[in-house]
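Raw target.txt, compact mmCIF, C-alpha atoms:
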# COMPACT_ATOMS: atom_id res chain seq x y z
CA MET A 1 -10.69 41.18 2.79
CA ARG A 2 -11.27 38.43 0.20
CA GLU A 3 -14.60 36.59 0.28
CA TYR A 4 -15.13 32.86 -0.20
CA THR A 5 -18.37 30.87 -0.17
CA SER A 6 -18.97 27.83 2.00
CA ALA A 7 -19.91 25.99 -1.22
CA GLN A 8 -16.32 26.46 -2.46
CA LEU A 9 -14.98 24.90 0.72
CA GLU A 10 -17.49 22.05 0.57
CA ASP A 11 -16.62 21.28 -3.07
CA ALA A 12 -12.90 21.31 -2.33
CA VAL A 13 -13.25 18.92 0.62
CA ALA A 14 -15.47 16.53 -1.38
CA ARG A 15 -13.02 16.50 -4.30
CA LEU A 16 -9.83 16.26 -2.24
CA TYR A 17 -11.09 13.47 0.03
CA VAL A 18 -11.94 11.17 -2.90
CA ASP A 19 -8.75 12.10 -4.73
CA ALA A 20 -6.60 11.36 -1.65
CA CYS A 21 -8.19 7.91 -1.24
CA LEU A 22 -7.53 6.95 -4.89
CA HIS A 23 -4.18 8.50 -5.80
CA LEU A 24 -0.93 8.72 -3.86
CA PRO A 25 1.32 11.81 -4.04
CA GLU A 26 4.16 11.42 -6.58
CA TRP A 27 6.87 11.59 -3.93
CA VAL A 28 5.27 8.70 -2.04
CA LYS A 29 5.02 6.62 -5.22
CA GLU A 30 8.71 7.22 -5.99
CA ARG A 31 9.68 5.94 -2.57
CA LEU A 32 7.40 2.90 -2.87
CA TYR A 33 8.85 2.01 -6.29
CA ALA A 34 12.29 2.15 -4.67
CA PHE A 35 11.11 -0.07 -1.79
CA GLY A 36 9.85 -2.59 -4.33
CA ASN A 37 6.96 -4.56 -2.78
CA PRO A 38 5.06 -5.76 -5.90
CA TYR A 39 1.66 -6.05 -4.14
CA ILE A 40 1.86 -2.45 -2.97
CA ILE A 41 2.93 -1.17 -6.39
CA GLU A 42 0.12 -3.05 -8.11
CA ASN A 43 -2.34 -1.69 -5.53
CA PHE A 44 -1.55 1.97 -6.18
CA GLU A 45 -1.05 1.55 -9.93
CA LYS A 46 -4.63 0.35 -10.38
CA ASN A 47 -5.90 3.93 -10.53
CA GLY A 48 -9.47 2.69 -10.45
CA ILE A 49 -12.51 3.82 -8.51
CA ILE A 50 -11.87 1.53 -5.53
CA PRO A 51 -10.03 3.23 -2.64
CA LEU A 52 -6.43 2.08 -2.14
CA CYS A 53 -7.25 1.03 1.42
CA GLN A 54 -10.63 0.09 2.88
CA ASP A 55 -9.85 2.26 5.89
CA THR A 56 -10.58 5.55 4.18
CA GLY A 57 -9.91 7.06 7.52
CA MET A 58 -10.97 9.69 9.87
CA ALA A 59 -11.34 12.80 7.70
CA VAL A 60 -8.54 15.02 8.96
CA VAL A 61 -8.81 18.45 7.37
CA TYR A 62 -6.18 21.17 7.71
CA LEU A 63 -7.30 24.69 6.84
CA GLU A 64 -4.68 27.38 6.38
CA VAL A 65 -6.80 30.51 6.40
CA GLY A 66 -5.34 33.90 5.49
CA GLN A 67 -6.01 36.64 8.02
CA ASP A 68 -7.55 38.68 5.20
CA ALA A 69 -9.81 35.86 3.98
CA HIS A 70 -13.45 35.45 4.98
CA ILE A 71 -15.52 32.31 4.39
CA GLU A 72 -19.26 32.97 4.57
CA GLY A 73 -21.36 30.49 6.49
CA SER A 74 -20.30 27.74 8.86
CA ILE A 75 -16.86 26.25 8.19
CA PRO A 76 -17.52 22.98 10.10
CA ASP A 77 -20.85 22.54 8.29
CA ALA A 78 -19.22 23.08 4.89
CA VAL A 79 -16.41 20.62 5.66
CA ASN A 80 -18.81 17.98 6.97
CA MET A 81 -21.05 18.38 3.91
CA GLY A 82 -17.96 17.82 1.76
CA VAL A 83 -17.05 14.69 3.72
CA ARG A 84 -20.59 13.33 3.39
CA ARG A 85 -20.53 13.83 -0.38
CA ALA A 86 -17.09 12.24 -0.74
CA VAL A 87 -18.16 9.16 1.23
CA LYS A 88 -21.16 8.69 -1.04
CA ASP A 89 -19.56 9.57 -4.38
CA GLY A 90 -16.20 7.89 -3.71
CA TYR A 91 -17.43 4.65 -2.07
CA LEU A 92 -15.50 5.52 1.08
CA ARG A 93 -16.05 3.66 4.33
CA SER A 94 -17.95 5.11 7.28
CA SER A 95 -15.53 4.50 10.12
CA ILE A 96 -16.58 7.02 12.76
CA VAL A 97 -18.57 6.20 15.89
CA ALA A 98 -20.47 9.04 17.53
CA ASP A 99 -19.33 8.22 21.05
CA PRO A 100 -16.10 6.46 22.08
CA ILE A 101 -17.75 4.19 24.66
CA ARG A 102 -21.27 3.67 23.28
CA ARG A 103 -19.94 3.32 19.71
CA THR A 104 -22.74 3.86 17.22
CA ASN A 105 -21.48 4.43 13.67
CA THR A 106 -22.51 7.86 12.36
CA GLY A 107 -23.07 6.30 8.93
CA ASP A 108 -21.48 9.06 6.84
CA ASN A 109 -17.98 9.27 8.32
CA THR A 110 -18.66 12.66 9.89
CA PRO A 111 -17.64 14.58 11.83
CA ALA A 112 -14.40 15.63 10.19
CA PHE A 113 -11.49 16.60 12.42
CA ILE A 114 -10.64 20.15 11.47
CA TYR A 115 -7.43 21.99 12.30
CA ASN A 116 -7.39 25.73 11.60
CA GLU A 117 -4.20 27.68 11.15
CA LEU A 118 -4.16 31.47 10.64
CA VAL A 119 -1.58 32.59 8.09
CA PRO A 120 -0.71 35.92 6.47
CA GLY A 121 -2.51 36.89 3.24
CA ASP A 122 -5.99 36.33 1.83
CA THR A 123 -5.81 32.74 0.54
CA VAL A 124 -7.42 29.58 1.91
CA LYS A 125 -5.50 26.30 1.54
CA VAL A 126 -7.42 23.09 2.16
CA THR A 127 -5.65 19.80 2.87
CA VAL A 128 -7.52 16.53 3.36
CA ALA A 129 -5.32 13.86 4.93
CA PRO A 130 -7.43 10.77 5.70
CA ARG A 131 -5.97 8.87 8.65
CA GLY A 132 -6.48 5.14 8.98
CA PHE A 133 -6.31 3.81 12.51
CA GLY A 134 -4.01 0.85 11.88
CA CYS A 135 -1.24 3.43 12.02
CA GLU A 136 -2.93 5.93 14.31
CA ASN A 137 -3.11 3.27 17.05
CA LYS A 138 0.67 2.88 16.95
CA ALA A 139 1.51 6.55 17.59
CA ARG A 140 3.11 7.50 20.92
CA VAL A 141 4.00 10.58 22.95
CA SER A 142 6.70 10.65 25.61
CA MET A 143 7.34 13.57 27.93
CA LEU A 144 11.11 13.02 28.06
CA ALA A 145 13.32 14.90 30.50
CA PRO A 146 15.91 17.42 29.27
CA ALA A 147 18.59 15.03 30.57
CA ASP A 148 17.35 12.36 28.13
CA GLY A 149 18.61 14.63 25.34
CA LEU A 150 19.21 13.64 21.75
CA GLU A 151 19.97 10.03 22.67
CA GLY A 152 16.64 9.75 24.48
CA VAL A 153 14.81 11.10 21.45
CA LYS A 154 16.56 8.66 19.08
CA ALA A 155 15.83 5.69 21.34
CA PHE A 156 12.14 6.61 21.64
CA VAL A 157 11.71 7.09 17.88
CA LEU A 158 13.38 3.77 17.04
CA GLU A 159 11.48 1.88 19.72
CA THR A 160 8.13 3.30 18.57
CA ALA A 161 8.86 2.49 14.93
CA ARG A 162 9.89 -1.09 15.73
CA LEU A 163 6.80 -1.66 17.88
CA ALA A 164 4.55 -0.18 15.18
CA VAL A 165 5.74 -1.84 12.05
CA PRO A 166 4.59 -5.46 12.25
CA ASP A 167 1.01 -4.33 13.06
CA ALA A 168 0.81 -1.26 10.81
CA CYS A 169 1.10 -1.30 7.00
CA PRO A 170 4.79 -1.08 6.17
CA PRO A 171 6.77 0.45 4.59
CA VAL A 172 5.88 3.39 6.78
CA MET A 173 6.66 7.09 6.90
CA ILE A 174 7.80 8.11 10.38
CA GLY A 175 6.84 11.60 11.61
CA VAL A 176 8.60 12.97 14.68
CA GLY A 177 7.68 15.95 16.83
CA ILE A 178 10.25 17.33 19.29
CA GLY A 179 9.57 20.17 21.72
CA GLY A 180 6.46 22.30 22.24
CA ASN A 181 4.04 20.83 24.77
CA PHE A 182 1.98 17.64 25.19
CA ASP A 183 -0.66 18.34 22.52
CA ARG A 184 1.48 20.39 20.14
CA VAL A 185 4.17 17.74 19.87
CA ALA A 186 1.61 15.17 18.67
CA TYR A 187 0.27 17.62 16.08
CA MET A 188 3.79 18.35 14.83
CA SER A 189 4.61 14.65 14.47
CA LYS A 190 1.50 14.05 12.39
CA LYS A 191 2.18 17.01 10.09
CA ALA A 192 5.74 15.70 9.65
CA VAL A 193 4.44 12.43 8.13
CA LEU A 194 2.98 14.43 5.22
CA ARG A 195 6.09 16.46 4.35
CA PRO A 196 8.31 15.38 1.46
CA GLU A 197 11.03 18.00 2.05
CA PRO A 198 13.75 17.51 4.67
CA ASN A 199 13.82 19.75 7.73
CA PRO A 200 15.28 23.15 6.70
CA ASP A 201 17.66 23.07 9.68
CA PRO A 202 20.71 20.97 8.61
CA PHE A 203 21.03 19.59 12.17
CA TYR A 204 17.54 18.04 11.99
CA ALA A 205 17.87 17.08 8.32
CA ALA A 206 20.94 15.04 9.32
CA LEU A 207 19.01 13.50 12.21
CA GLU A 208 16.21 12.50 9.80
CA GLU A 209 18.77 10.72 7.61
CA GLU A 210 20.50 9.09 10.57
CA LEU A 211 17.23 7.67 11.89
CA PHE A 212 16.04 6.59 8.43
CA ALA A 213 19.32 4.72 7.83
CA GLN A 214 18.29 2.41 10.69
CA MET A 215 14.80 1.83 9.28
CA THR A 216 15.33 1.10 5.58
CA LYS A 217 13.90 -2.43 5.93
CA PHE A 218 10.47 -1.09 6.92
CA ALA A 219 10.28 2.66 6.25
CA ILE A 220 10.27 5.07 3.31
CA GLY A 221 11.38 8.13 5.25
CA VAL A 222 11.65 10.06 8.51
CA ARG A 223 10.60 13.69 8.93
CA ILE A 224 11.00 15.87 12.02
CA ASN A 225 9.19 19.01 13.17
CA THR A 226 10.39 20.94 16.20
CA ALA A 227 9.24 23.84 18.38
CA PRO A 228 10.62 25.76 21.34
CA THR A 229 9.81 24.11 24.66
CA HIS A 230 9.93 24.62 28.44
CA ILE A 231 13.14 24.49 30.53
CA ALA A 232 11.74 21.41 32.32
CA GLY A 233 10.70 19.41 29.27
CA LEU A 234 11.64 17.51 26.14
CA PRO A 235 8.31 16.34 24.64
CA CYS A 236 8.69 13.82 21.85
CA ALA A 237 5.99 12.27 19.64
CA VAL A 238 6.09 9.73 16.86
CA SER A 239 3.33 9.34 14.25
CA VAL A 240 3.30 6.47 11.81
CA GLY A 241 2.08 6.90 8.24
CA CYS A 242 1.16 3.73 6.34
CA HIS A 243 2.30 3.22 2.74
CA SER A 244 -1.13 4.42 1.62
CA LEU A 245 0.03 7.87 2.65
CA ARG A 246 -2.97 9.82 1.56
CA THR A 247 -3.08 13.58 1.34
CA ALA A 248 -4.43 16.08 -1.17
CA SER A 249 -4.42 19.90 -1.09
CA GLU A 250 -5.68 22.85 -3.04
CA VAL A 251 -5.87 26.60 -2.69
CA LEU A 252 -9.40 27.94 -3.12
CA SER A 253 -9.70 30.20 -6.15
CA MET B 1 5.99 -22.92 -2.61
CA THR B 2 2.39 -21.79 -2.94
CA HIS B 3 -0.45 -23.88 -1.46
CA HIS B 4 -3.86 -23.73 -3.09
CA ILE B 5 -6.48 -24.55 -0.46
CA THR B 6 -10.26 -24.50 -0.25
CA THR B 7 -12.64 -23.83 2.63
CA PRO B 8 -13.84 -25.31 4.91
CA LEU B 9 -10.40 -26.25 6.21
CA THR B 10 -9.44 -29.71 7.39
CA ALA B 11 -6.90 -30.68 10.05
CA GLU B 12 -4.85 -32.47 7.37
CA VAL B 13 -4.59 -29.36 5.19
CA VAL B 14 -3.80 -27.10 8.14
CA ARG B 15 -0.91 -29.39 9.13
CA THR B 16 0.74 -28.90 5.71
CA LEU B 17 0.88 -25.10 6.13
CA LYS B 18 4.13 -23.77 7.59
CA ALA B 19 4.98 -20.26 8.80
CA GLY B 20 6.09 -18.17 5.82
CA ASP B 21 4.32 -20.31 3.18
CA GLU B 22 2.32 -18.50 0.55
CA VAL B 23 -1.28 -19.66 0.30
CA ARG B 24 -4.16 -19.01 -2.09
CA ILE B 25 -7.61 -19.51 -0.60
CA THR B 26 -10.74 -20.39 -2.58
CA GLY B 27 -14.24 -20.80 -1.16
CA ILE B 28 -16.34 -19.12 1.50
CA ILE B 29 -14.78 -16.97 4.23
CA TYR B 30 -16.50 -14.77 6.81
CA THR B 31 -15.63 -11.21 7.77
CA GLY B 32 -15.58 -10.06 11.36
CA ARG B 33 -13.79 -7.30 13.20
CA ASP B 34 -13.99 -5.49 16.54
CA ALA B 35 -17.73 -4.97 16.97
CA ALA B 36 -18.79 -8.35 15.53
CA HIS B 37 -16.27 -10.16 17.73
CA LYS B 38 -17.62 -8.41 20.79
CA ARG B 39 -21.15 -9.53 19.90
CA LEU B 40 -20.13 -13.12 19.17
CA TYR B 41 -18.30 -13.24 22.46
CA GLU B 42 -21.24 -11.85 24.40
CA LEU B 43 -23.57 -14.42 22.79
CA LEU B 44 -21.18 -17.18 23.84
CA GLN B 45 -20.99 -15.83 27.39
CA ALA B 46 -24.79 -15.80 27.51
CA GLY B 47 -24.94 -19.40 26.26
CA GLU B 48 -26.78 -18.42 23.09
CA ALA B 49 -26.34 -19.71 19.55
CA LEU B 50 -24.09 -17.82 17.13
CA PRO B 51 -25.53 -16.55 13.83
CA VAL B 52 -22.78 -18.40 11.93
CA ASP B 53 -21.31 -21.88 12.37
CA LEU B 54 -17.57 -21.26 12.58
CA ARG B 55 -16.47 -24.90 12.67
CA ASP B 56 -13.60 -25.39 10.16
CA GLN B 57 -14.15 -21.89 8.83
CA ILE B 58 -11.92 -18.83 8.33
CA ILE B 59 -12.66 -15.36 9.69
CA TYR B 60 -11.17 -12.44 7.76
CA TYR B 61 -10.55 -9.35 9.86
CA THR B 62 -11.78 -6.66 7.50
CA GLY B 63 -14.36 -3.93 7.27
CA PRO B 64 -15.02 -3.56 3.55
CA ALA B 65 -15.67 -0.22 1.91
CA PRO B 66 -18.97 0.07 -0.03
CA ALA B 67 -19.14 -1.65 -3.43
CA PRO B 68 -19.32 0.67 -6.45
CA PRO B 69 -22.03 -0.30 -8.96
CA GLY B 70 -21.01 -3.44 -10.88
CA TYR B 71 -18.45 -4.53 -8.28
CA PRO B 72 -19.10 -7.28 -5.72
CA ILE B 73 -17.21 -5.42 -3.00
CA GLY B 74 -15.25 -2.23 -2.37
CA SER B 75 -11.76 -1.94 -0.95
CA CYS B 76 -11.22 -4.81 1.52
CA GLY B 77 -7.74 -5.23 2.98
CA PRO B 78 -6.95 -6.71 6.40
CA THR B 79 -7.25 -4.80 9.65
CA THR B 80 -4.83 -5.19 12.56
CA SER B 81 -5.43 -8.51 14.30
CA TYR B 82 -4.34 -7.92 17.90
CA ARG B 83 -7.57 -6.04 18.66
CA MET B 84 -9.45 -9.34 18.29
CA ASP B 85 -7.07 -11.25 20.60
CA ARG B 86 -9.22 -11.24 23.71
CA TYR B 87 -12.12 -12.86 21.83
CA THR B 88 -10.17 -15.28 19.63
CA PRO B 89 -9.43 -18.27 21.92
CA ALA B 90 -13.15 -18.73 22.60
CA LEU B 91 -13.85 -18.89 18.84
CA LEU B 92 -10.97 -21.29 18.23
CA ASP B 93 -12.35 -23.53 20.98
CA LEU B 94 -15.58 -23.67 18.96
CA GLY B 95 -13.67 -25.16 16.05
CA MET B 96 -12.83 -22.10 13.96
CA LYS B 97 -9.77 -23.17 11.96
CA GLY B 98 -8.34 -20.02 10.41
CA MET B 99 -7.96 -16.26 10.62
CA ILE B 100 -6.75 -13.67 8.12
CA GLY B 101 -5.50 -10.29 9.34
CA LYS B 102 -2.27 -8.39 9.77
CA GLY B 103 0.29 -8.11 12.54
CA ARG B 104 1.16 -9.90 15.73
CA ARG B 105 -1.05 -11.98 18.07
CA SER B 106 -0.92 -12.45 21.82
CA GLN B 107 0.71 -15.51 23.35
CA ALA B 108 -2.76 -16.66 24.48
CA VAL B 109 -3.91 -16.67 20.84
CA ILE B 110 -0.79 -18.51 19.67
CA ASP B 111 -1.28 -21.12 22.43
CA SER B 112 -4.91 -21.53 21.38
CA ILE B 113 -3.90 -21.91 17.70
CA VAL B 114 -1.58 -24.77 18.70
CA LYS B 115 -4.11 -26.38 21.04
CA ASN B 116 -6.86 -26.31 18.41
CA GLY B 117 -4.76 -27.07 15.34
CA ALA B 118 -5.60 -23.80 13.62
CA VAL B 119 -3.70 -21.32 11.44
CA TYR B 120 -3.32 -17.54 11.29
CA PHE B 121 -2.67 -15.93 7.91
CA SER B 122 -1.62 -12.39 7.09
CA ALA B 123 -2.79 -10.54 4.00
CA GLU B 124 -0.88 -7.55 2.58
CA GLY B 125 -1.87 -4.54 4.69
CA GLY B 126 -3.06 -1.43 2.90
CA CYS B 127 -3.77 -3.24 -0.38
CA GLY B 128 -7.56 -3.21 -0.21
CA ALA B 129 -8.05 -2.25 -3.86
CA LEU B 130 -5.92 -5.18 -5.03
CA LEU B 131 -7.45 -7.71 -2.62
CA ALA B 132 -10.97 -6.74 -3.74
CA ASN B 133 -10.11 -8.44 -7.08
CA TYR B 134 -10.15 -11.84 -5.38
CA VAL B 135 -13.64 -11.46 -3.91
CA LYS B 136 -16.33 -12.69 -6.27
CA LYS B 137 -19.42 -12.26 -4.14
CA ARG B 138 -20.46 -10.88 -0.79
CA GLU B 139 -23.59 -10.81 1.30
CA VAL B 140 -24.34 -9.62 4.80
CA LEU B 141 -24.85 -12.63 7.06
CA ALA B 142 -25.34 -11.15 10.54
CA PHE B 143 -25.45 -7.91 12.51
CA PRO B 144 -26.43 -5.67 9.56
CA ASP B 145 -26.79 -2.73 11.96
CA LEU B 146 -23.00 -2.73 12.35
CA GLY B 147 -22.51 -1.46 8.78
CA THR B 148 -18.98 -2.24 7.60
CA GLU B 149 -18.47 -4.21 10.84
CA ALA B 150 -21.31 -6.65 10.05
CA ILE B 151 -20.42 -10.31 9.42
CA HIS B 152 -20.24 -10.75 5.65
CA ARG B 153 -20.07 -14.01 3.76
CA LEU B 154 -17.45 -13.67 1.05
CA GLU B 155 -16.85 -15.95 -1.89
CA VAL B 156 -13.14 -15.71 -2.70
CA GLU B 157 -10.97 -17.14 -5.44
CA ASP B 158 -7.20 -17.56 -5.01
CA PHE B 159 -7.19 -14.97 -2.22
CA PRO B 160 -3.46 -14.36 -1.50
CA VAL B 161 -2.17 -14.73 2.07
CA THR B 162 0.98 -15.79 3.94
CA VAL B 163 1.09 -18.11 6.96
CA PHE B 164 1.98 -15.88 9.94
CA CYS B 165 1.43 -18.51 12.68
CA ASP B 166 1.17 -22.21 11.84
CA CYS B 167 -0.43 -24.97 13.91
CA SER B 168 2.81 -25.70 15.73
CA GLY B 169 3.08 -22.06 16.85
CA ASP B 170 5.91 -21.08 14.51
CA ILE B 171 5.78 -17.43 13.45
CA TYR B 172 6.83 -15.68 10.25
CA SER B 173 6.81 -11.98 9.41
CA PRO B 174 9.26 -10.06 7.24
CA TYR B 175 9.02 -7.25 9.80
CA LEU B 176 9.83 -9.08 13.05

Show me, as structure tokens, the structure contained in the file I just sent.
Amino acid sequence: MREYTSAQLEDAVARLYVDACLHLPEWVKERLYAFGNPYIIENFEKNGIIPLCQDTGMAVVYLEVGQDAHIEGSIPDAVNMGVRRAVKDGYLRSSIVADPIRRTNTGDNTPAFIYNELVPGDTVKVTVAPRGFGCENKARVSMLAPADGLEGVKAFVLETARLAVPDACPPVMIGVGIGGNFDRVAYMSKKAVLRPEPNPDPFYAALEEELFAQMTKFAIGVRINTAPTHIAGLPCAVSVGCHSLRTASEVLS
Amino acid sequence: MTHHITTPLTAEVVRTLKAGDEVRITGIIYTGRDAAHKRLYELLQAGEALPVDLRDQIIYYTGPAPAPPGYPIGSCGPTTSYRMDRYTPALLDLGMKGMIGKGRRSQAVIDSIVKNGAVYFSAEGGCGALLANYVKKREVLAFPDLGTEAIHRLEVEDFPVTVFCDCSGDIYSPYL
């Protein structure tokens, strides 16, 4: 069993959240240079202290926690303390309302939305992926029927992308989830947005390229995640990532 | 061609702006997004006065990030416009002449733009750091309790936008 302190987690979240809002991953920059919109290139090349986008997002935090790792103290408290510090130190926007109907801003962008994943080993990997809602609002899930098949999936992905793009911030990264169940397919599609590598299965890697070839005017890539599913279902989800595709990770030491 | 215009807008200037034209805006503009629109609309419904006179003015759909020390404003790009659609015709009927946001509008908004001789601009989405350069001054004008969603008065210089919907209802977007 390897021990970690909640202060380590808090520090990592505070650092990663600010970093993600100021600096894009190299693979995203390469794709944006290739796309060639001069405003967007100038925006991310500024490398200043002003966040790339004013919507510094809902703080989505993915924790990959080794089964032999132990973090002392409260994990949600540590993450939320980190978010609070980042919002203050990084001049990030407070965009969270405490209640969806009564809508009072919490004032410090908490709570974070934390996803825990148990993995083998004793390491803890922290990823902060701020999600703006211009893109989040354009995501869709469809519980397709098995008879809809591959053609049904392609049609749904293309339709969702075309509906999203004029209102989102193109060029976009399209994340697709196929299979699993209603909630898992949405999660898979959102994780797919953040992945530079193609799907390891050549069948799905080819599908990513085929779909992307029809989106080159408004997208910088398509990534697909899949899971086994039920004999009665073909869940499909599409998440849209804006060109300010913000994500930062580190492994706690 | 690039138009250089100043606020408040006039009917003559609005008529020269065509869908797809690039425009640089100098002068005072007002911010307002979801929560501020809801409040303005509710005041109108109740027959009460608005905290800002929108005649001939431009509303910019943005919720700025906090200003770092020494900066007039933080990141301040456009938010998606369609969420304001249900409130917009009432504000255009009051004489508001322009809006800056991103993305499509409802047919009711386009009809109201034509009826009132107004214009809808789009700013480059996701470029809040860059667009902050064109804001010289900001102050909170109304609804301070709304935080980033308060109505701010911005002084802008050569703020870059494109005409998305002109006063004859013609639309331009590179992504449609």

Checklist entry - Do you know which residues are at most 10 Å from segment 151-161 of chain A counting only C-alpha atoms, after dropping those on the same chain fewer than 3 positions away, and could you put them as an MDAnalysis selection string? => result chainID A and resid 138:142 144:148 164:166 168 172:178 207 210:212 214:215 218:219 222 234:240

Please identify every residue of chain A that has at least one atom no farther than 7 Å from an atom of chain B, counting only C-alpha atoms, and for each give the shortest atom pair and the distance in Å to one decimal, arranged by chain then increasing number, as JSON lines.
{"residue": "A:Ile40", "atom": "CA", "partner": "B:Cys127", "partner_atom": "CA", "distance": 6.2}
{"residue": "A:Asn43", "atom": "CA", "partner": "B:Leu130", "partner_atom": "CA", "distance": 5.0}
{"residue": "A:Ile50", "atom": "CA", "partner": "B:Ala129", "partner_atom": "CA", "distance": 5.6}
{"residue": "A:Pro51", "atom": "CA", "partner": "B:Ser75", "partner_atom": "CA", "distance": 5.7}
{"residue": "A:Leu52", "atom": "CA", "partner": "B:Ala129", "partner_atom": "CA", "distance": 4.9}
{"residue": "A:Cys53", "atom": "CA", "partner": "B:Gly128", "partner_atom": "CA", "distance": 4.6}
{"residue": "A:Gln54", "atom": "CA", "partner": "B:Ser75", "partner_atom": "CA", "distance": 4.5}
{"residue": "A:Tyr91", "atom": "CA", "partner": "B:Pro66", "partner_atom": "CA", "distance": 5.2}
{"residue": "A:Leu92", "atom": "CA", "partner": "B:Ala65", "partner_atom": "CA", "distance": 5.8}
{"residue": "A:Arg93", "atom": "CA", "partner": "B:Ala65", "partner_atom": "CA", "distance": 4.6}
{"residue": "A:Gly134", "atom": "CA", "partner": "B:Thr80", "partner_atom": "CA", "distance": 6.1}
{"residue": "A:Val165", "atom": "CA", "partner": "B:Tyr175", "partner_atom": "CA", "distance": 6.7}
{"residue": "A:Pro166", "atom": "CA", "partner": "B:Gly103", "partner_atom": "CA", "distance": 5.1}
{"residue": "A:Asp167", "atom": "CA", "partner": "B:Gly103", "partner_atom": "CA", "distance": 3.9}
{"residue": "A:Cys169", "atom": "CA", "partner": "B:Gly125", "partner_atom": "CA", "distance": 5.0}
{"residue": "A:Phe218", "atom": "CA", "partner": "B:Tyr175", "partner_atom": "CA", "distance": 7.0}
{"residue": "A:Ser244", "atom": "CA", "partner": "B:Gly126", "partner_atom": "CA", "distance": 6.3}

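When atom CA of Thr5 of chain A is paired with atom CA of Met81 of chain A, their separation reads 13.4 Å.
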
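The space separating atom CA of Asp55 of chain A from atom CA of Ile28 of chain B comes to 22.8 Å.
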
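Atom CA of Ser106 of chain B sits 29.1 Å away from atom CA of Gly221 of chain A.
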
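Every protein, DNA or RNA residue with an atom at most 10 Å from Ile96 of chain A, where only C-alpha atoms count and chain neighbours fewer than 2 positions away do not, is listed here: Gly57, Met58, Ala59, Arg93, Ser94, Ala98, Asp99, Pro100, Arg103, Thr104, Asn105, Thr106, Gly107, Asp108, Asn109, Thr110, Pro111 and Ala112 of chain A.
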